[in-house]
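See structure below.
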Amino acid sequence: MYETTDAFTKYLPEEYSGLVKYVQVNGRTKIALKNTISEYIPNPTFNKVAPPGAQELEFRLKNPSSKTQVRPGDKEMAPPPKYIESPPAFFNPADRLELMNELSIDRAMMWPTLASLLEERLADDPRATHAIVTALNRWMHEHWTFNYEDRIFPTPVITLPIVDEAIRELEWVLERGARAILIRPAPVPDYRGQRRSFALPEYDRFWKVVQDSGVVVGLHASDDGFVRYLNEWEGRSGEYTPFKAAPSPFSALVSAEYRSIKDVVYSIIGHGLATRFPDIRFVPVENGSAWARPLVQNLKKVYARSPEIFPEDPLVALRRSIYIHPFHEEDVLGLVEVIGADRVIFGSDYPHPEGLFDPVTFVDELKSLSKEDQAKIMGGNLASIMGVDPAKGALAPA
């Protein structure tokens, strides 16, 4: 989803008035948090955006050998414009359902877009972080609900700096039907300016509620603070700007390894969270999958050398607790080989430009698999962990 400009402010308490502002800079609207302008999202109003799947279209049209066979029902490829006026379907669930019907999409897990900048830019103020995330969730529930006609499942954000507040917010969204939540895949800031993993036992009170509820934990790509380390290596300062070119080959090389999400998964396993709460299902989303094979190789190597330091075989924990969404341009079949078809989840990133312009064509990457495995990846796996009946497109009984 693309958030409307009141998404962070409509339900923000009066004491935080001015925390979020939309300001004009050289004729362009920008978002500012605590009076610091962010370039994280070039146009935070989303009134004009790059077309869905623009990057995929440009690549395929420039590389004829990469085009897959056009099948009945596929959208026709054409050179994309630089930008489009955003249609209502990008902003509300009723119009989105009509678009989903056109795209042959039965159900969608829906993620916020601009929200991914919040937590890092408020890392020095835990209470403000909780206040703005709470405001966002109130807007999301009013505007989208957390379960729209059993077909659209928006993901409220849970931030973790203050555990009691996190539990309170989790219980609020669960009471209103949330089937998945978004946890930023990054260390959690505290009042002292320090950060630590959410997989440490001090968060177990929170994870107990998560496990008892059965809610899916989405680890959607966000500003995870990793640019702080890149800045140290490069002797510069500045925020993470995902839609701009890497500032140097060094940054491009390091970022290509997906170290952030790999470290998060290492922590979930290595700090014992997956073992203490074996029924929680974690889903790294829009973090790619190129990190999975080297991660598995390292788990095998370290466990073979020092099995006594692990609470259980880390590969057992990985294959029980982690479901992975690969980018369409990656080696999807290789990922299936590494973790199994029942742990791979299709995602389109629609309507972002780096996603798929015709989402269901993702199945073309799976044509060598059995129909059963294709069905698992294209919806069955996610439906299962969310408690959705894949045959009927409705919530299964608890």
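Ordering of the structure tokens sets the chain letters (A, B, ...); residue numbers start at 1 within each chain; ligands are numbered from 1 in the order shown.
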
Output as a Markdown table one row per residue of range 278-367 of chain A within 12 Å of range 235-247 of chain A: the closest atom pair and its distance in Å to one decimal place, counting only C-alpha atoms, sorted by chain and residue number ascending.
| residue | atom | partner | partner_atom | distance |
| --- | --- | --- | --- | --- |
| A:His352 | CA | A:Phe243 | CA | 11.3 |
| A:Pro353 | CA | A:Phe243 | CA | 10.4 |
| A:Glu354 | CA | A:Phe243 | CA | 10.0 |

**Prompt:** Glu365 in chain A: which residues within 12 Å, counting only C-alpha atoms, same-chain residues fewer than 5 positions away excluded, as an MDAnalysis selection string?
**Reply:** chainID A and resid 66:69 326:336 346 359:360 374 377:378

Just C-alpha atoms for this one: save the residues we selected as a CSV table (one decimal), in the first residue's frame.
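Saved file result_37.csv follows:
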chain,number,residue,atom,x,y,z
A,66,SER,CA,15.0,-12.9,-21.1
A,67,LYS,CA,11.4,-12.7,-22.2
A,68,THR,CA,9.3,-15.7,-21.0
A,69,GLN,CA,6.6,-17.2,-23.1
A,326,PRO,CA,12.8,-14.7,-3.1
A,327,PHE,CA,13.1,-11.9,-5.6
A,328,HIS,CA,11.8,-13.0,-9.0
A,329,GLU,CA,15.1,-12.5,-10.7
A,330,GLU,CA,17.0,-14.7,-8.3
A,331,ASP,CA,17.6,-18.5,-8.5
A,332,VAL,CA,14.2,-19.5,-7.1
A,333,LEU,CA,14.7,-23.2,-7.9
A,334,GLY,CA,18.1,-23.1,-6.1
A,335,LEU,CA,16.3,-21.7,-3.0
A,336,VAL,CA,13.8,-24.6,-3.2
A,346,PHE,CA,5.8,-15.9,-3.7
A,359,PRO,CA,2.5,-10.7,-10.6
A,360,VAL,CA,1.2,-14.2,-11.4
A,374,GLN,CA,4.0,-24.6,-7.5
A,377,ILE,CA,4.8,-21.4,-3.3
A,378,MET,CA,2.2,-19.4,-5.1

Please build the interface table for range 189-279 of chain A against range 286-297 of chain A with a cut-off of 10 Å, listing for each qualifying residue the nearest atom pair and the distance in Å to one decimal; count only C-alpha atoms, order rows by chain and increasing number, and write it as a Markdown table.
| residue | atom | partner | partner_atom | distance |
| --- | --- | --- | --- | --- |
| A:Leu219 | CA | A:Asn287 | CA | 8.4 |
| A:His220 | CA | A:Glu286 | CA | 6.1 |
| A:Ala221 | CA | A:Glu286 | CA | 5.5 |
| A:Ser222 | CA | A:Glu286 | CA | 9.1 |
| A:Ala256 | CA | A:Ala290 | CA | 8.6 |
| A:Glu257 | CA | A:Trp291 | CA | 6.5 |
| A:Tyr258 | CA | A:Trp291 | CA | 6.1 |
| A:Arg259 | CA | A:Trp291 | CA | 7.6 |
| A:Ser260 | CA | A:Asn287 | CA | 9.0 |
| A:Ile261 | CA | A:Asn287 | CA | 6.7 |
| A:Lys262 | CA | A:Trp291 | CA | 6.2 |
| A:Asp263 | CA | A:Leu295 | CA | 9.2 |
| A:Val265 | CA | A:Leu295 | CA | 8.7 |
| A:Tyr266 | CA | A:Leu295 | CA | 8.0 |

Contacts between range 116-140 of chain A and range 167-233 of chain A, please, where a residue of range 167-233 of chain A counts if it comes within 10 Å (with only C-alpha atoms); show its shortest atom pair and distance in Å to one decimal, rows by chain and ascending number, as a Markdown table.
| residue | atom | partner | partner_atom | distance |
| --- | --- | --- | --- | --- |
| A:Glu169 | CA | A:Thr134 | CA | 7.1 |
| A:Trp172 | CA | A:Asn137 | CA | 9.5 |
| A:Val173 | CA | A:Asn137 | CA | 7.9 |
| A:Leu182 | CA | A:Ser116 | CA | 9.9 |
| A:Arg184 | CA | A:Ser116 | CA | 8.0 |
| A:Ala186 | CA | A:Glu120 | CA | 9.4 |
| A:Val188 | CA | A:Ala123 | CA | 8.4 |
| A:Pro189 | CA | A:Ala123 | CA | 5.8 |
| A:Asp190 | CA | A:Pro126 | CA | 6.6 |
| A:Tyr191 | CA | A:Pro126 | CA | 6.7 |
| A:Arg192 | CA | A:Asp124 | CA | 8.3 |
| A:Gly193 | CA | A:Asp124 | CA | 6.3 |
| A:Gln194 | CA | A:Asp124 | CA | 9.3 |
| A:Arg195 | CA | A:Ala123 | CA | 9.3 |
| A:His220 | CA | A:Ser116 | CA | 8.5 |
| A:Ala221 | CA | A:Ser116 | CA | 7.6 |
| A:Ser222 | CA | A:Ser116 | CA | 4.6 |
| A:Asp223 | CA | A:Leu117 | CA | 5.7 |
| A:Asp224 | CA | A:Glu120 | CA | 6.6 |
| A:Gly225 | CA | A:Glu120 | CA | 6.1 |
| A:Phe226 | CA | A:Glu120 | CA | 9.9 |

**Message:** Just checking: using only C-alpha atoms, which residue out of A:Gly380, A:Pro249, A:Pro13, A:Pro80 ends up closest to Phe357 in chain A?
**Reply:**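 Looking only at the distances to Phe357 in chain A, the closest residue turns out to be A:Pro80.
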
**Test item, strand (DSSP E) assignment across range 60-305 of chain A, answer as number ranges by chain** = A: 84-85, 108-110, 152-154, 180-182, 188-189, 195-196, 216-220, 282-285

Selection to disk with N, CA and C atoms, as a short mmCIF file (atom, residue, chain, number, x, y, z; two decimals), in the first residue's frame:
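Done, and the output landed in result-v1.cif:
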data_model
loop_
_atom_site.label_atom_id
_atom_site.label_comp_id
_atom_site.auth_asym_id
_atom_site.auth_seq_id
_atom_site.Cartn_x
_atom_site.Cartn_y
_atom_site.Cartn_z
N ILE A 84 3.52 7.61 -13.39
CA ILE A 84 2.09 7.63 -13.63
C ILE A 84 1.41 8.36 -12.47
N GLU A 85 0.21 8.85 -12.72
CA GLU A 85 -0.62 9.35 -11.64
C GLU A 85 -1.16 8.14 -10.88
N ALA A 108 -3.91 -11.07 -0.82
CA ALA A 108 -2.65 -10.32 -0.75
C ALA A 108 -2.34 -9.96 0.69
N MET A 109 -1.08 -10.19 1.08
CA MET A 109 -0.56 -9.64 2.31
C MET A 109 -0.04 -8.25 1.96
N MET A 110 -0.56 -7.21 2.61
CA MET A 110 -0.32 -5.84 2.20
C MET A 110 0.60 -5.13 3.20
N ILE A 152 -7.60 -9.22 1.55
CA ILE A 152 -6.45 -8.33 1.77
C ILE A 152 -6.12 -8.34 3.26
N PHE A 153 -4.86 -8.64 3.57
CA PHE A 153 -4.43 -8.76 4.96
C PHE A 153 -3.30 -7.76 5.22
N PRO A 154 -3.64 -6.52 5.58
CA PRO A 154 -2.61 -5.53 5.92
C PRO A 154 -1.83 -5.95 7.17
N ALA A 180 -0.99 -11.07 10.49
CA ALA A 180 0.46 -10.93 10.33
C ALA A 180 0.85 -9.56 10.89
N ILE A 181 2.07 -9.47 11.39
CA ILE A 181 2.60 -8.21 11.89
C ILE A 181 3.95 -7.95 11.22
N LEU A 182 4.36 -6.70 11.24
CA LEU A 182 5.64 -6.31 10.66
C LEU A 182 6.59 -5.93 11.80
N VAL A 188 17.22 -3.49 18.13
CA VAL A 188 16.24 -2.58 18.71
C VAL A 188 16.96 -1.50 19.53
N PRO A 189 16.69 -0.21 19.26
CA PRO A 189 17.30 0.86 20.05
C PRO A 189 16.69 0.94 21.45
N ARG A 195 21.84 -0.66 21.13
CA ARG A 195 20.94 -1.51 20.36
C ARG A 195 21.23 -2.96 20.68
N ARG A 196 20.19 -3.79 20.61
CA ARG A 196 20.39 -5.21 20.86
C ARG A 196 19.33 -5.99 20.11
N VAL A 216 1.60 -14.42 12.21
CA VAL A 216 2.83 -14.53 11.41
C VAL A 216 3.68 -13.28 11.63
N VAL A 217 5.00 -13.47 11.73
CA VAL A 217 5.92 -12.35 11.92
C VAL A 217 6.62 -12.06 10.60
N GLY A 218 6.22 -10.96 9.96
CA GLY A 218 6.86 -10.53 8.73
C GLY A 218 8.05 -9.65 9.03
N LEU A 219 9.17 -9.99 8.43
CA LEU A 219 10.41 -9.21 8.58
C LEU A 219 10.64 -8.46 7.27
N HIS A 220 9.82 -7.45 7.03
CA HIS A 220 9.86 -6.74 5.76
C HIS A 220 11.05 -5.79 5.71
N PHE A 282 8.54 -16.98 11.04
CA PHE A 282 9.15 -15.72 10.61
C PHE A 282 9.25 -15.72 9.09
N VAL A 283 8.89 -14.58 8.48
CA VAL A 283 8.90 -14.48 7.02
C VAL A 283 9.70 -13.26 6.57
N PRO A 284 10.98 -13.43 6.22
CA PRO A 284 11.72 -12.32 5.62
C PRO A 284 11.13 -11.97 4.26
N VAL A 285 10.70 -10.73 4.10
CA VAL A 285 10.02 -10.29 2.88
C VAL A 285 10.78 -9.14 2.24
#

**Prompt:** Out of range 223-357 of chain A, which residues get alpha helix (DSSP H) from DSSP, as a ChimeraX atom specification?
**Reply:** /A:227-234,249-255,259-270,273-276,292-305,314-321,332-339

**Message:** When you count only C-alpha atoms, which of these residues is closest to Val210 in chain A: A:Arg281, A:Lys367, A:Lys376, A:Arg305?
**Reply:** A:Arg281

**Request:** Please provide as a list in words all residues within 9 Å of Phe250 in chain A, with the sequence filter that same-chain residues fewer than 3 positions apart are discarded (counting only C-alpha atoms).
**Result:**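 The residues that qualify are Leu230, Trp233, Glu234, Ala246, Pro247, Leu253, Val254 and Ser255 of chain A.
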
Could you take the residues named above and write them with N, CA and C atoms, as a compact mmCIF listing (two decimals), in the first residue's frame?
# COMPACT_ATOMS: atom_id res chain seq x y z
N LEU A 230 28.23 1.38 6.93
CA LEU A 230 28.80 1.79 5.65
C LEU A 230 29.43 3.18 5.76
N TRP A 233 32.90 3.00 7.26
CA TRP A 233 33.91 2.53 6.33
C TRP A 233 34.27 3.60 5.30
N GLU A 234 33.31 4.43 4.95
CA GLU A 234 33.53 5.38 3.87
C GLU A 234 33.80 6.80 4.35
N ALA A 246 24.15 3.35 -5.28
CA ALA A 246 25.11 3.22 -4.19
C ALA A 246 26.20 4.27 -4.35
N PRO A 247 26.66 4.87 -3.25
CA PRO A 247 27.67 5.94 -3.34
C PRO A 247 29.04 5.47 -3.79
N LEU A 253 28.93 -3.55 -3.22
CA LEU A 253 29.38 -4.92 -2.96
C LEU A 253 28.88 -5.44 -1.62
N VAL A 254 29.01 -4.61 -0.58
CA VAL A 254 28.58 -5.03 0.75
C VAL A 254 27.06 -5.23 0.79
N SER A 255 26.32 -4.32 0.18
CA SER A 255 24.87 -4.41 0.19
C SER A 255 24.39 -5.64 -0.57

**Request:** Rank A:Lys371, A:Gly73, A:Ser38, A:Ile183 by their smallest atom-to-atom distance to Pro161 in chain A, using only C-alpha atoms, and report the top residue only.
**Result:**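 Residue with the minimum atom-to-atom distance to Pro161 in chain A: A:Ile183.
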
**Request:** Please provide as a list in words all residues within 8 Å of range 42-56 of chain A, with the sequence filter that same-chain residues fewer than 4 positions apart are discarded (counting only C-alpha atoms).
**Result:**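 Contacts, in chain order: Tyr2, Glu3, Thr4, Thr5, Arg28, Thr29, Lys30, Ile31, Arg60, Pro80, Pro81, Lys82, Tyr83, Ile84, Glu85, Ser86, Leu114, Phe243, Tyr350, Pro351, His352, Pro353, Glu354, Gly355, Leu356, Phe357 and Asp358 of chain A.
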
For the residues in that selection, give me C-alpha atoms as a compact mmCIF listing (two decimals), in the first residue's frame.
# COMPACT_ATOMS: atom_id res chain seq x y z
CA TYR A 2 0.96 3.63 -0.41
CA GLU A 3 0.13 5.64 2.71
CA THR A 4 -1.91 8.83 2.54
CA THR A 5 -0.32 11.99 3.95
CA ARG A 28 8.89 19.25 -4.20
CA THR A 29 7.13 17.79 -1.17
CA LYS A 30 9.38 16.06 1.35
CA ILE A 31 8.76 14.41 4.70
CA ARG A 60 12.87 -7.64 -20.40
CA PRO A 80 6.76 2.04 -19.24
CA PRO A 81 6.40 5.80 -18.79
CA LYS A 82 8.71 7.51 -16.32
CA TYR A 83 5.85 7.95 -13.88
CA ILE A 84 2.09 7.63 -13.63
CA GLU A 85 -0.62 9.35 -11.64
CA SER A 86 -1.37 6.95 -8.81
CA LEU A 114 6.68 4.99 3.84
CA PHE A 243 16.15 4.60 -4.53
CA TYR A 350 3.31 -4.77 -6.42
CA PRO A 351 2.88 -1.86 -7.21
CA HIS A 352 6.50 -0.85 -6.65
CA PRO A 353 8.69 -0.37 -9.75
CA GLU A 354 11.23 -3.01 -8.71
CA GLY A 355 8.53 -5.70 -8.44
CA LEU A 356 6.49 -7.54 -11.06
CA PHE A 357 4.19 -5.69 -13.43
CA ASP A 358 2.11 -8.88 -13.91

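Rounded to one decimal, CA of Ala32 in chain A and CA of Tyr16 in chain A lie 13.4 Å from each other.
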
**Prompt:** Mind pulling up the distance from CA of Leu33 in chain A to CA of Val20 in chain A?
**Reply:** 4.8 Å

**Prompt:** What is the distance between CA of Gly379 in chain A and CA of Asp364 in chain A, in Å to one decimal?
**Reply:** 14.5 Å

**Of the listed residues A:Glu14, A:Ala78, A:Lys300, A:Lys208, that which approaches Lys62 in chain A most closely, counting only C-alpha atoms** = A:Ala78

**Complete:** Using only C-alpha atoms, the shortest atom-to-atom distance to Leu315 in chain A among A:Asn231, A:Thr361, A:Ser17, A:Thr275 belongs to A:Thr275

**Prompt:** Using only C-alpha atoms, which residue out of A:Ser213, A:Asn298, A:Thr145, A:Ser370 lies closest to Leu170 in chain A?
**Reply:** A:Ser213
